[in-house]
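The structure under discussion appears below in the form of structure tokens.
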Amino acid sequence: MKLRFLGKNSTVGDCPTLYATDRETYLVQGWRIFANDLLMQLDISEGETAIEVPTELFEHLTNDGLPAGEIRRLENPIMILTPGGTFVVQGHEVTDPEALAQMEVPDYETVVEVPKAAITALLEEPRGADLQRPAQPAL
């Protein structure tokens with residue numbers, strides 16, 4: 001899998017990162033979730049995991065040719081907006097050694113792969129049925 005760096009939100013000790021792949025997916029690197037109250041709100045399938053990232057991380061989607069990176073809806077793969085201003089992102093955990101070798105992933109972070117189409121759909125204004133779909137509540 002080939003990766004293209006889109007951007008990171010880096011402060012001392014924190015480095016959530018966004019990559020585009022050659023498989024029409026994004027790799028989202030973020031903080032592992034250990035809070036049981038947060039994990040209990042998620043329906044995580046086998047082979048998937050959930051991570052937490054700053055909402056601003058998706059502003060780097062503009063580096064992939066998208067006009068904006070503002071998430072406008074909460075649905076799979078972005079499941080929750082926390083009171084702390086972070087998103088919980090759910091996806092297939094990346095275990096490919098070649099892909100992981102292209103990144104710096106601290107022990108307290110992990111990487112999930114999500115379809116580009118799923119992320120770009122969340123950038124659109126809600127319409128019709130989308131407005132009737134209840135969003136996942138924030139913690």
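In the structure tokens, chains take letters A, B, ... by order of appearance, with residues numbered from 1 within each chain and ligands from 1 in the order shown.
Those residues that approach Phe87 in chain A to within 9 Å, counting only C-alpha atoms, are A:Ile51, A:Glu52, A:Val53, A:Pro54, A:Thr55, A:Ile78, A:Met79, A:Ile80, A:Leu81, A:Thr82; same-chain residues fewer than 5 positions away are not listed.
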For Asn63 in chain A, find every residue with an atom within 12 Å (counting only C-alpha atoms), except residues of its own chain fewer than 4 positions away, and show them as a short mmCIF file (atom, residue, chain, number, x, y, z; two decimals) with N, CA, C and O atoms, in the first residue's frame.
data_model
loop_
_atom_site.label_atom_id
_atom_site.label_comp_id
_atom_site.auth_asym_id
_atom_site.auth_seq_id
_atom_site.Cartn_x
_atom_site.Cartn_y
_atom_site.Cartn_z
N ARG A 4 0.24 8.65 0.99
CA ARG A 4 0.57 10.04 0.72
C ARG A 4 0.15 10.84 1.94
O ARG A 4 -1.01 10.85 2.34
N PHE A 5 1.11 11.48 2.56
CA PHE A 5 0.87 12.28 3.76
C PHE A 5 -0.01 13.47 3.42
O PHE A 5 0.28 14.21 2.49
N LEU A 6 -1.10 13.65 4.18
CA LEU A 6 -1.98 14.80 3.98
C LEU A 6 -1.79 15.87 5.06
O LEU A 6 -1.95 17.05 4.78
N GLY A 7 -1.49 15.44 6.27
CA GLY A 7 -1.28 16.42 7.33
C GLY A 7 -1.39 15.79 8.69
O GLY A 7 -1.84 14.66 8.85
N LYS A 8 -0.94 16.56 9.68
CA LYS A 8 -1.02 16.09 11.07
C LYS A 8 -1.33 17.25 11.97
O LYS A 8 -1.09 18.40 11.63
N LEU A 18 -3.19 12.12 9.02
CA LEU A 18 -4.09 11.69 7.96
C LEU A 18 -3.27 11.40 6.70
O LEU A 18 -2.43 12.20 6.31
N TYR A 19 -3.54 10.24 6.09
CA TYR A 19 -2.87 9.81 4.86
C TYR A 19 -3.92 9.41 3.83
O TYR A 19 -4.99 8.88 4.19
N ALA A 20 -3.60 9.59 2.56
CA ALA A 20 -4.39 9.01 1.46
C ALA A 20 -3.62 7.78 0.99
O ALA A 20 -2.39 7.74 1.07
N LEU A 57 -8.23 17.62 12.31
CA LEU A 57 -7.42 16.75 11.47
C LEU A 57 -7.99 16.65 10.06
O LEU A 57 -7.24 16.60 9.08
N PHE A 58 -9.30 16.68 9.93
CA PHE A 58 -9.92 16.51 8.62
C PHE A 58 -9.81 17.75 7.73
O PHE A 58 -10.13 17.69 6.55
N GLU A 59 -9.33 18.86 8.28
CA GLU A 59 -9.05 20.04 7.46
C GLU A 59 -7.96 19.73 6.43
O GLU A 59 -7.89 20.35 5.38
N PRO A 67 -12.51 20.49 -1.49
CA PRO A 67 -12.63 21.93 -1.25
C PRO A 67 -12.61 22.31 0.23
O PRO A 67 -12.27 23.43 0.57
N ALA A 68 -13.01 21.39 1.11
CA ALA A 68 -13.05 21.69 2.54
C ALA A 68 -12.91 20.40 3.32
O ALA A 68 -13.13 19.32 2.78
N GLY A 69 -12.59 20.53 4.60
CA GLY A 69 -12.46 19.36 5.44
C GLY A 69 -13.31 19.45 6.69
O GLY A 69 -12.95 18.95 7.73
#
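Distances from A:Ala50, A:Leu27, A:Met1, A:Ala118 to Glu75 in chain A were compared using only C-alpha atoms, and the smallest one belongs to A:Ala118.
Those residues of range 53-131 of chain A that DSSP, working from the backbone, places in alpha helix (DSSP H) are Pro97, Glu98, Ala99, Leu100, Ala101, Lys116, Ala117, Ala118, Ile119, Thr120, Ala121, Ala129, Asp130 and Leu131 of chain A.
With only C-alpha atoms as the atoms that count, the minimum distance from Lys116 in chain A to the choices A:Glu56, A:Asp22, A:Asp96, A:Asp43 is reached by A:Asp22.
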